[in-house]
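What follows is a single structure, written as structure tokens, with notes after it.
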Amino acid sequence: MAIADVKTAYERVQAARNGKRPMGSYYIEHMIDDFVELHGDRRFGDDAAIVAGVGYLNRIPVTVIAMERGDTIEDRMKRNFGCPEPEGYRKALRLMKEAEKFHRPVICFIGSSGAYCGIEAEKRGQGLAIAENLYEMMGLKTPVISVVVGEGGSGGALALGVCDTAIMLENAVYSVISPEGCASILWKDASKAPEAAAHLKLTSYDLLKFDVVEKVIPEAGKTDREICSALKAVLLTEIGRLSQMSPEALLDHRYEKFRKIGG
Amino acid sequence: MSGIKDLFNNLTGKAEQPPRTCKQCGTEIAYADYVANHCICPQCGAYFRMRAVERLDETVDRGTFQEIDKKLKSKNPINFPDYAEKLEKAEKASGLNEGVVCGTAKISGVDCGLFIMDSAFMMGSMGTVVGEKITRLFEKATALKLPVIGFITSGGARMQEGIFSLMQMAKVSGAVKRHSEAGLLYIAVLTDPTTGGITASFAMQGDIIIAEPKALIGFAGQRVIEQTTGEKLPAGFQRAEFQLEHGFVDLIEERPRMTYTLSKLLKLHQPA
């Protein structure tokens, strides 16, 4: 745990938000073989803030759903800087159901400041879209593993976070509210975000201690490729373990995982 | 009045209530008149935010309410600064131990599970105790094969409990799903305001979703949307009527008719 003390909470927030930090697409590219991207929610549109599709993890067919903020400024604008709209969550759910039908594990990569805030997103039911994911993922009869790779921003992150195993990269964060939002509400001063970040207990090691996540992938002194390989190894182990469970046992286990939080 | 006095005493320990003043037109209303008029201003028709006890009084058959988990109180799971003091103040201000009252009752003779959120306790925000109480209510209703009626009002997840608050959204959703899979009815009644993580979880998971007129119902906060997008919000944005127009609530019901509508729906869904 010595490494955990190297960075302050807010330094981790900044690391999680760093524009050069690998996001969903990176892990798909470096971890998934024969990836086929599948688009659209079959309701309204296709949200580029979520990249989803099917491929192989080693030789195991998997469905991957990943938040992606993009690289260039044009790309980032197209992807709303990684903030999903209702269509993103609906696409995710549609493909999770497809995964369930074919008994394929689902891997979700989370990294976003939150669900997109906007008039149009509200008109198309942002709240409902997240609510439906929470509800349906609780009953999805196939293993779900969620990995927070960047900033896990509130309900918009949790909408891909109802899972059997929750994993965080060491410098990822996961919080009910952004430190800036918290500081402006509490102290009317967003510049006190570093203080708020410390109080919110949003680091990977905090969440491991709280039993909200099961695994932390160390980052200190490692290259992106090494982190990716370490994560892949953990994913393979977890998929192997979860695939042994009957659908009923899996769902009971998932229910209990969340049931015991604050129980 | 004796009914609600007893209820107030039982729930909050304080029976005597001062007159209420309408925020919209300034009219002062004696408490007895206020309750008799469903907590609506007799002058201008503005809806006040109802206390859980007032909602209970006009919703359930007299003497049938049995509260559960009344004593559950929040701790400070992430040692958030000043939270313990805030909780203490909220308890004093509301007379409640937390922002939701749960129990079983009869509505027009039909047994049901009931949860009523109360914005007088930290804006009805959801921390671990609110999440736990609503989860237990759904679990109990599932075991007893009861429908659930939820009167919802909440500013969202309670940030002072950090990630524990966020995870309550998933926890409650799981309990709602199990209740639903048992073939049981859940009616969500959305009242002013219903926002944030509550809209993004159990507020939108009802078989039937009823809203009170003009209630604010939405996910993102209005100021946040304005600041993020720089757009001016259209008139009536995120109000109950807006949500009805966009297809997210089943109906809007006036408060004086709410109990009648609920009882009709409860009866219709009763097993033959």
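Letters A, B, ... mark the chains of the structure tokens in the order given; residue numbers begin at 1 per chain; ligand numbers begin at 1, in order shown.
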Taking 6 positions as the minimum chain separation for residues in the same chain, which residues sit within 10 Å of Met168 of chain A when counting only C-alpha atoms? Answer as a VMD selection string. chain A and resid 109 to 110 146 to 150 152 174 203 to 205 207 to 208 213 to 218 231
Within 9 Å of Tyr34 of chain B, counting only C-alpha atoms, which residues show up once you throw out same-chain ones fewer than 6 positions away? Write them as a list in words, please. Pro19, Arg20, Ile40, Cys41 and Pro42 of chain B
Keeping C-alpha atoms for every residue in the selection just given, could you write it to a file as a short mmCIF file (atom, residue, chain, number, x, y, z; two decimals), in the first residue's frame?
```cif
data_model
loop_
_atom_site.label_atom_id
_atom_site.label_comp_id
_atom_site.auth_asym_id
_atom_site.auth_seq_id
_atom_site.Cartn_x
_atom_site.Cartn_y
_atom_site.Cartn_z
CA PRO B 19 -49.46 28.50 10.21
CA ARG B 20 -47.89 28.21 6.76
CA ILE B 40 -52.20 23.74 -1.53
CA CYS B 41 -52.53 27.50 -1.18
CA PRO B 42 -56.27 28.34 -1.12
#
```
Give me, as a tab-separated table, each residue of chain B that comes within 8 Å of chain A, together with its shortest interatomic pair and the distance in Å at one decimal, counting only C-alpha atoms, with rows ordered by chain and rising residue number.
```
residue	atom	partner	partner_atom	distance
B:Ile78	CA	A:Lys201	CA	6.8
B:Asn79	CA	A:His199	CA	7.7
B:Phe80	CA	A:His199	CA	5.9
B:Pro81	CA	A:His199	CA	7.5
B:Thr128	CA	A:Gly262	CA	5.0
B:Val129	CA	A:Gly262	CA	7.4
B:Glu132	CA	A:Gly263	CA	6.0
B:Ala157	CA	A:Val176	CA	7.3
B:Met159	CA	A:Val176	CA	6.2
B:Gln160	CA	A:Leu200	CA	7.5
B:Glu161	CA	A:Leu200	CA	7.8
B:Gly162	CA	A:Leu200	CA	5.4
B:Ile163	CA	A:Val176	CA	5.4
B:Phe164	CA	A:Gly262	CA	6.4
B:Ser165	CA	A:Val176	CA	6.9
B:Leu166	CA	A:Val176	CA	5.2
B:Met167	CA	A:Phe258	CA	6.9
B:Gln168	CA	A:Ile261	CA	7.5
B:Met169	CA	A:Leu134	CA	7.7
B:Ala170	CA	A:Leu134	CA	5.8
B:Lys171	CA	A:Phe258	CA	5.1
B:Ser173	CA	A:Tyr135	CA	5.2
B:Gly174	CA	A:Met138	CA	5.6
B:Val176	CA	A:Tyr135	CA	7.7
B:Lys177	CA	A:Tyr135	CA	6.2
B:Gly196	CA	A:Gly127	CA	7.5
B:Gly197	CA	A:Gly155	CA	6.2
B:Thr199	CA	A:Gly127	CA	5.2
B:Ala200	CA	A:Gly127	CA	4.0
B:Ser201	CA	A:Ala131	CA	4.1
B:Phe202	CA	A:Ala131	CA	6.9
B:Met204	CA	A:Leu128	CA	5.5
B:Gln205	CA	A:Ala131	CA	6.7
B:Gly218	CA	A:Gly127	CA	6.7
B:Phe219	CA	A:Gly127	CA	5.0
B:Ala220	CA	A:Cys117	CA	5.8
B:Val224	CA	A:Cys117	CA	7.3
B:Ile225	CA	A:Gly118	CA	5.3
B:Thr228	CA	A:Cys117	CA	7.0
B:Thr229	CA	A:Gly118	CA	6.5
B:Leu233	CA	A:Ile119	CA	7.2
B:Gln238	CA	A:Glu122	CA	7.6
B:Gln243	CA	A:Lys123	CA	7.8
B:His246	CA	A:Lys123	CA	6.4
B:Phe248	CA	A:Gly125	CA	7.1
```
Near Asn97 of chain B, counting only C-alpha atoms, which residues have an atom at most 7 Å away, once you skip same-chain residues fewer than 6 positions from it, shown as a PyMOL selection string? chain B and resi 71-73+91
Tell me, as a ChimeraX atom specification, which residues lie within 10 Å of Asp71 of chain A, counting only C-alpha atoms; anything in the same chain fewer than 6 positions away does not count. /A:19-20,22-23,77,79,81
Could the residues in this selection be saved with C-alpha atoms as a PDB file, in the first residue's frame?
```pdb
ATOM      1  CA  GLY A  19      -5.749  14.109 -21.886  1.00  0.00           C
ATOM      2  CA  LYS A  20      -2.998  11.623 -22.718  1.00  0.00           C
ATOM      3  CA  PRO A  22      -5.569   5.862 -22.453  1.00  0.00           C
ATOM      4  CA  MET A  23      -9.341   5.541 -22.612  1.00  0.00           C
ATOM      5  CA  MET A  77     -16.451  17.315 -29.822  1.00  0.00           C
ATOM      6  CA  ARG A  79     -17.825  12.338 -28.632  1.00  0.00           C
ATOM      7  CA  PHE A  81     -15.681  14.719 -24.437  1.00  0.00           C
TER       8      PHE A  81
END
```
Can you tell me which residues surround Ser108 of chain B at a distance of at most 9 Å, considering only C-alpha atoms, apart from same-chain residues fewer than 2 positions away, and format the answer as a list in words? Thr59, Val60, Asp61, Lys106, Val110, Asp111, Thr259, Tyr260, Ser263, Lys264, Leu266 and Lys267 of chain B
All alpha helix (DSSP H) positions in segment 57-163 of chain A, as a ChimeraX atom specification: /A:73-78,86-101,119-123,126-137,154-158
Residues within 9 Å of Lys232 of chain A, please, as a PDB file with C-alpha atoms, in the first residue's frame. Count only C-alpha atoms; anything in the same chain fewer than 5 positions from it doesn't count.
```pdb
ATOM      1  CA  MET A  31      -6.575  -6.219 -25.631  1.00  0.00           C
ATOM      2  CA  LEU A  57     -10.139 -11.697 -25.166  1.00  0.00           C
ATOM      3  CA  ILE A 227      -0.890  -1.815 -17.278  1.00  0.00           C
ATOM      4  CA  THR A 237      -8.995 -14.806 -14.321  1.00  0.00           C
TER       5      THR A 237
END
```
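Shortest separation to Gly40 of chain A among A:Leu93, A:Cys228, A:Val6, A:Ile167 occurs at residue A:Leu93, atoms counted being only C-alpha atoms.
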Tell me which protein, DNA and RNA residues are within 9 Å of Arg17 of chain A, counting only C-alpha atoms, leaving out same-chain ones fewer than 6 positions away, and put them as a list in words. Gly111, Ser112, Ser113, Gly150, Glu151 and Ala172 of chain A
For atom CA of Cys25 of chain B and atom CA of Glu241 of chain B, the interatomic separation in Å (one decimal): 22.2 Å
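Of note, atom CA of Asp192 of chain B and atom CA of Thr153 of chain B are spaced 5.9 Å apart.
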Backbone DSSP call of strand (DSSP E) for segment 92-240 of chain A, listed as a ChimeraX atom specification: /A:106-112,144-153,165-169,173-175,215-217
Restricted to C-alpha atoms, what would the selected residues look like written as a short mmCIF file (atom, residue, chain, number, x, y, z; two decimals), in the first residue's frame?
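Output (result-v8.cif):
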```
data_model
loop_
_atom_site.label_atom_id
_atom_site.label_comp_id
_atom_site.auth_asym_id
_atom_site.auth_seq_id
_atom_site.Cartn_x
_atom_site.Cartn_y
_atom_site.Cartn_z
CA VAL A 106 -19.47 -8.20 -20.83
CA ILE A 107 -16.52 -5.91 -20.10
CA CYS A 108 -17.29 -2.24 -19.46
CA PHE A 109 -14.61 0.46 -19.47
CA ILE A 110 -15.61 3.56 -17.50
CA GLY A 111 -13.95 6.94 -17.91
CA SER A 112 -16.09 10.05 -18.12
CA VAL A 144 -20.30 -8.35 -16.17
CA ILE A 145 -16.93 -6.86 -15.26
CA SER A 146 -16.56 -3.09 -14.98
CA VAL A 147 -13.19 -1.37 -15.09
CA VAL A 148 -12.82 2.27 -14.10
CA VAL A 149 -9.89 3.43 -16.21
CA GLY A 150 -10.30 7.20 -15.86
CA GLU A 151 -12.75 9.43 -14.04
CA GLY A 152 -15.80 7.55 -12.79
CA GLY A 153 -18.27 10.41 -12.68
CA THR A 165 -16.39 -7.65 -10.39
CA ALA A 166 -15.38 -3.99 -10.19
CA ILE A 167 -11.80 -3.13 -11.06
CA MET A 168 -10.04 0.24 -10.87
CA LEU A 169 -6.74 1.35 -12.29
CA VAL A 173 -11.23 7.84 -9.39
CA TYR A 174 -14.91 7.09 -8.78
CA SER A 175 -17.19 9.57 -7.09
CA LYS A 215 -9.24 -5.14 -7.53
CA VAL A 216 -6.80 -2.31 -8.13
CA ILE A 217 -4.34 -2.48 -11.02
#
```
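For the pair atom CA of Glu231 of chain B and atom CA of Arg158 of chain B, the interatomic distance is 27.4 Å.
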